[in-house]
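Next comes work-v8.pdb, with PDB, C-alpha atoms.
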```
ATOM      1  CA  SER A  10      65.646 114.967  87.792
ATOM      2  CA  ASP A  11      66.724 112.088  85.557
ATOM      3  CA  VAL A  12      69.255 114.347  83.815
ATOM      4  CA  TYR A  13      70.696 115.322  87.203
ATOM      5  CA  LYS A  14      71.077 111.679  88.222
ATOM      6  CA  ARG A  15      72.859 110.780  84.977
ATOM      7  CA  GLN A  16      75.213 113.755  85.250
ATOM      8  CA  GLY A  17      75.757 113.071  88.953
ATOM      9  CA  MET A  18      76.767 109.480  88.291
ATOM     10  CA  LYS A  19      79.151 110.655  85.573
ATOM     11  CA  VAL A  20      80.788 113.120  87.962
ATOM     12  CA  GLN A  21      80.967 110.539  90.741
ATOM     13  CA  ARG A  22      83.004 108.210  88.543
ATOM     14  CA  ASN A  23      85.724 110.864  88.358
ATOM     15  CA  PHE A  24      86.436 111.030  92.109
ATOM     16  CA  VAL A  25      89.991 110.568  93.276
ATOM     17  CA  ILE A  26      90.489 107.435  95.382
ATOM     18  CA  GLY A  27      93.161 108.996  97.572
ATOM     19  CA  THR A  28      90.721 111.299  99.324
ATOM     20  CA  PHE A  29      89.556 108.671 101.781
ATOM     21  CA  GLY A  30      93.119 108.011 102.906
ATOM     22  CA  ASP A  31      93.741 111.746 103.190
ATOM     23  CA  HIS A  32      90.857 112.060 105.643
ATOM     24  CA  CYS A  33      92.225 109.159 107.683
ATOM     25  CA  CYS A  34      95.628 110.840 107.882
ATOM     26  CA  TYR A  35      94.068 114.184 108.787
ATOM     27  CA  VAL A  36      91.997 112.780 111.650
ATOM     28  CA  TYR A  37      94.970 110.701 112.774
ATOM     29  CA  SER A  38      97.246 113.749 112.913
ATOM     30  CA  LEU A  39      94.717 115.643 115.042
ATOM     31  CA  GLN A  40      94.318 112.699 117.410
ATOM     32  CA  TYR A  41      98.098 112.194 117.482
ATOM     33  CA  ASN A  42      98.720 115.798 118.506
ATOM     34  CA  ARG A  43      95.985 115.663 121.139
ATOM     35  CA  THR A  44      97.401 112.436 122.583
ATOM     36  CA  LEU A  45     100.946 113.793 122.740
ATOM     37  CA  SER A  46      99.789 116.874 124.598
ATOM     38  CA  LEU A  47      97.660 114.945 127.112
ATOM     39  CA  GLU A  48      99.197 111.496 127.538
ATOM     40  CA  PRO A  49     102.734 111.100 126.189
ATOM     41  CA  SER A  50     102.752 107.357 126.941
ATOM     42  CA  ALA A  51      99.705 106.510 124.796
ATOM     43  CA  SER A  52     100.198 104.321 121.754
ATOM     44  CA  THR A  53      99.529 106.544 118.768
ATOM     45  CA  SER A  54     100.151 103.820 116.192
ATOM     46  CA  SER A  55      97.280 101.787 117.583
ATOM     47  CA  MET A  56      95.125 104.923 117.429
ATOM     48  CA  PHE A  57      95.979 105.376 113.753
ATOM     49  CA  GLY A  58      95.204 101.724 113.071
ATOM     50  CA  THR A  59      91.870 102.026 114.831
ATOM     51  CA  ILE A  60      90.838 105.131 112.899
ATOM     52  CA  PHE A  61      92.057 103.751 109.570
ATOM     53  CA  MET A  62      90.318 100.390 109.999
ATOM     54  CA  THR A  63      87.127 102.076 111.213
ATOM     55  CA  PHE A  64      87.007 104.171 108.039
ATOM     56  CA  TRP A  65      87.624 101.233 105.712
ATOM     57  CA  PHE A  66      85.404  98.757 107.553
ATOM     58  CA  GLY A  67      82.543 101.275 107.666
ATOM     59  CA  ALA A  68      82.923 102.082 103.983
ATOM     60  CA  PHE A  69      83.004  98.378 103.166
ATOM     61  CA  ILE A  70      79.786  97.691 105.097
ATOM     62  CA  VAL A  71      77.983 100.669 103.527
ATOM     63  CA  THR A  72      79.075  99.628 100.029
ATOM     64  CA  LEU A  73      78.195  95.987 100.607
ATOM     65  CA  ASN A  74      74.746  97.028 101.801
ATOM     66  CA  ALA A  75      74.193  99.164  98.691
ATOM     67  CA  LYS A  76      75.334  96.309  96.436
ATOM     68  CA  LEU A  77      73.066  93.788  98.186
ATOM     69  CA  LEU A  78      70.116  96.152  97.764
ATOM     70  CA  GLY A  79      70.725  96.211  94.021
ATOM     71  CA  GLY A  80      72.687  99.421  93.636
ATOM     72  CA  LYS A  81      75.010  99.790  90.690
ATOM     73  CA  VAL A  82      78.090 101.223  92.366
ATOM     74  CA  SER A  83      81.702 100.142  92.466
ATOM     75  CA  PHE A  84      83.495  99.701  95.752
ATOM     76  CA  PHE A  85      86.050 102.441  95.092
ATOM     77  CA  GLN A  86      83.388 104.876  93.891
ATOM     78  CA  SER A  87      81.458 104.432  97.112
ATOM     79  CA  VAL A  88      84.587 104.719  99.250
ATOM     80  CA  CYS A  89      85.542 107.954  97.500
ATOM     81  CA  VAL A  90      82.133 109.548  97.922
ATOM     82  CA  LEU A  91      81.972 108.512 101.573
ATOM     83  CA  GLY A  92      85.464 109.947 102.016
ATOM     84  CA  TYR A  93      84.442 113.279 100.540
ATOM     85  CA  CYS A  94      81.345 113.364 102.740
ATOM     86  CA  VAL A  95      83.499 112.865 105.866
ATOM     87  CA  PHE A  96      84.971 116.342 105.355
ATOM     88  CA  PRO A  97      82.483 118.124 107.684
ATOM     89  CA  ILE A  98      83.435 115.709 110.461
ATOM     90  CA  ASP A  99      87.090 116.561 109.801
ATOM     91  CA  VAL A 100      86.246 120.241 110.195
ATOM     92  CA  ALA A 101      84.438 119.490 113.472
ATOM     93  CA  ALA A 102      87.521 117.601 114.697
ATOM     94  CA  LEU A 103      89.654 120.631 113.858
ATOM     95  CA  ILE A 104      87.257 122.963 115.691
ATOM     96  CA  LEU A 105      87.311 120.759 118.789
ATOM     97  CA  PHE A 106      91.091 120.538 118.603
ATOM     98  CA  VAL A 107      91.387 124.323 118.624
ATOM     99  CA  LEU A 108      88.802 124.905 121.373
ATOM    100  CA  PRO A 109      90.155 125.050 124.927
ATOM    101  CA  GLU A 110      89.502 122.059 127.190
ATOM    102  CA  TRP A 111      87.492 124.044 129.743
ATOM    103  CA  ILE A 112      84.567 124.555 127.352
ATOM    104  CA  PRO A 113      81.689 122.292 128.492
ATOM    105  CA  ARG A 114      80.685 119.205 126.502
ATOM    106  CA  PRO A 115      77.251 120.511 125.455
ATOM    107  CA  ILE A 116      78.957 123.435 123.692
ATOM    108  CA  ARG A 117      81.501 121.092 122.095
ATOM    109  CA  PHE A 118      78.624 118.936 120.873
ATOM    110  CA  ILE A 119      77.237 121.665 118.579
ATOM    111  CA  PRO A 120      79.892 121.586 115.791
ATOM    112  CA  VAL A 121      79.899 117.786 115.864
ATOM    113  CA  ALA A 122      76.105 117.625 115.512
ATOM    114  CA  VAL A 123      76.177 120.083 112.612
ATOM    115  CA  ALA A 124      78.972 118.118 110.927
ATOM    116  CA  PHE A 125      77.093 114.851 111.389
ATOM    117  CA  ALA A 126      73.938 116.300 109.817
ATOM    118  CA  TRP A 127      75.928 117.797 106.935
ATOM    119  CA  ALA A 128      77.815 114.570 106.214
ATOM    120  CA  SER A 129      74.650 112.475 106.385
ATOM    121  CA  TYR A 130      72.773 114.829 104.074
ATOM    122  CA  SER A 131      75.658 114.960 101.581
ATOM    123  CA  SER A 132      75.939 111.209 101.307
ATOM    124  CA  SER A 133      72.156 110.722 101.184
ATOM    125  CA  ASN A 134      72.096 112.422  97.785
ATOM    126  CA  PHE A 135      74.639 109.927  96.480
ATOM    127  CA  MET A 136      72.982 106.849  97.987
ATOM    128  CA  GLY A 137      69.530 108.024  96.970
ATOM    129  CA  ALA A 138      70.584 108.191  93.338
ATOM    130  CA  LEU A 139      71.746 104.562  93.415
ATOM    131  CA  LEU A 140      68.550 102.880  94.539
ATOM    132  CA  SER A 141      64.803 103.081  94.106
ATOM    133  CA  SER A 142      62.774 105.088  96.582
ATOM    134  CA  GLN A 143      61.515 101.899  98.286
ATOM    135  CA  LYS A 144      65.059 100.846  99.235
ATOM    136  CA  ARG A 145      66.443 104.296  99.970
ATOM    137  CA  ALA A 146      65.921 104.153 103.747
ATOM    138  CA  LEU A 147      67.585 100.744 103.912
ATOM    139  CA  ALA A 148      70.630 102.122 102.124
ATOM    140  CA  LEU A 149      70.824 105.278 104.249
ATOM    141  CA  PHE A 150      70.623 103.567 107.634
ATOM    142  CA  PRO A 151      74.221 102.182 107.658
ATOM    143  CA  VAL A 152      75.519 105.463 106.223
ATOM    144  CA  VAL A 153      73.970 107.404 109.091
ATOM    145  CA  LEU A 154      75.346 104.897 111.608
ATOM    146  CA  PHE A 155      78.802 105.195 110.031
ATOM    147  CA  TYR A 156      78.836 108.979 110.338
ATOM    148  CA  LEU A 157      77.304 108.801 113.808
ATOM    149  CA  PHE A 158      80.145 106.578 114.979
ATOM    150  CA  LEU A 159      82.785 108.850 113.444
ATOM    151  CA  SER A 160      81.135 111.903 115.034
ATOM    152  CA  TRP A 161      81.033 110.163 118.392
ATOM    153  CA  LEU A 162      84.726 109.271 118.016
ATOM    154  CA  VAL A 163      85.579 112.921 117.349
ATOM    155  CA  LEU A 164      83.516 114.038 120.325
ATOM    156  CA  ILE A 165      84.979 111.703 122.934
ATOM    157  CA  VAL A 166      88.648 112.214 122.071
TER
END
```

This entry written out as structure tokens:
Amino acid sequence: SDVYKRQGMKVQRNFVIGTFGDHCCYVYSLQYNRTLSLEPSASTSSMFGTIFMTFWFGAFIVTLNAKLLGGKVSFFQSVCVLGYCVFPIDVAALILFVLPEWIPRPIRFIPVAVAFAWASYSSSNFMGALLSSQKRALALFPVVLFYLFLSWLVLIV
């Protein structure tokens, strides 16, 4: 287990920082296309700003929480890992974008719930390796809230 944690931390240092921005642009493009098809007068630049700032503010809060709990993680490392773990939510956004509008909300909820669980589980491995077992739940709580908010955002739009 200790070998896995050391190797995992080594791999995590090699993440590419641009991934988080790529996810923001991907979600923005889906929301942009949806807005153009439904409401041509909506302000898509404010939508992009909202999504972009939500990603960065959430990542900042999660990283700050981990640092305050004594975790040894850099800001950009945490942002990159959180960005990679957002990928299932991106896939759920794509699925909902492709599904017709007449499909009821409970059916549309299923891919979002699966994506939320997948993203939360993926990032829990990273956050769990940073802190002791006594502080693990305190570190995971804002991560779960972050992904819950992003999943909710995908579901309502």

query = Quick one: which residues end up in the PyMOL selection byres ((chain A and resi 139) around 8) for this structure, as a ChimeraX atom specification?
reply = /A:75,80-82,135-138,140-141

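Using the PyMOL selection byres ((chain A and resi 88) around 8) on this structure selects A:Ile26, A:Phe29, A:Trp65, A:Ala68, A:Phe69, A:Thr72, A:Phe84, A:Phe85, A:Gln86, A:Ser87, A:Cys89, A:Val90, A:Leu91, A:Gly92.
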
key: Distance query Gly67 of chain A at most 9 Å, all atoms listed in the file, self and fewer than 5 positions along chain excluded, as a list in words   =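 The neighbour list is Met62, Thr72, Pro151, Val152, Leu154, Phe155 and Tyr156 of chain A.
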
Output of the above residues as a PDB file, in the coordinates of the input, restricted to C-alpha atoms:
```
ATOM      1  CA  MET A  62      90.318 100.390 109.999  1.00  0.00           C
ATOM      2  CA  THR A  72      79.075  99.628 100.029  1.00  0.00           C
ATOM      3  CA  PRO A 151      74.221 102.182 107.658  1.00  0.00           C
ATOM      4  CA  VAL A 152      75.519 105.463 106.223  1.00  0.00           C
ATOM      5  CA  LEU A 154      75.346 104.897 111.608  1.00  0.00           C
ATOM      6  CA  PHE A 155      78.802 105.195 110.031  1.00  0.00           C
ATOM      7  CA  TYR A 156      78.836 108.979 110.338  1.00  0.00           C
TER       8      TYR A 156
END
```

inquiry  = I'd like the neighbourhood of segment 100-107 of chain A as a ChimeraX atom specification, where a residue qualifies if any of its atoms comes within 7 Å (using all atoms listed in the file), though same-chain residues fewer than 6 positions away should be ignored.
reply    = /A:117,120-121,124,163

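Closest approach to Phe158 of chain A among A:Ser142, A:Asn134, A:Ser83, A:Ser129 is made by A:Ser129 (distances from all atoms listed in the file).
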
query = When distances are computed from all atoms listed in the file, which of A:Phe118, A:Phe64, A:Phe125, A:Tyr93 shows the smallest separation from Leu157 of chain A?
reply = A:Phe125

message = If I take atom CA of Thr59 of chain A and atom CA of Arg145 of chain A, how far is one from the other in Å, to one decimal?
response =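 Separation of atom CA of Thr59 of chain A and atom CA of Arg145 of chain A: 29.5 Å.
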
query = Using only C-alpha atoms, which of the listed residues (A:Leu77, A:Ala148, A:Val71, A:Ile98) sits closest to Val123 of chain A?
reply = A:Ile98

request  = Choose the residue, out of A:Leu73, A:Ser133, A:Ala122, A:Pro113, that has the smallest atom-to-atom separation from Trp161 of chain A; count all atoms listed in the file.
outcome  = A:Ala122

Extending 4 Å beyond the listed atoms of segment 112-127 of chain A on each side, what axis-aligned box results? I want centre and edge lengths in Å to one decimal, as JSON.
```
{"center_x": 79.3, "center_y": 119.7, "center_z": 117.7, "size_x": 18.6, "size_y": 17.7, "size_z": 29.6}
```

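The space between atom CA of Pro115 of chain A and atom CA of Val95 of chain A spans 21.9 Å.
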
request  = Kindly give the distance, in Å, that separates atom CA of Gly79 of chain A and atom CA of Phe96 of chain A, rounded to a single decimal.
outcome  =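 Rounded to one decimal, the two atoms are 27.1 Å apart.
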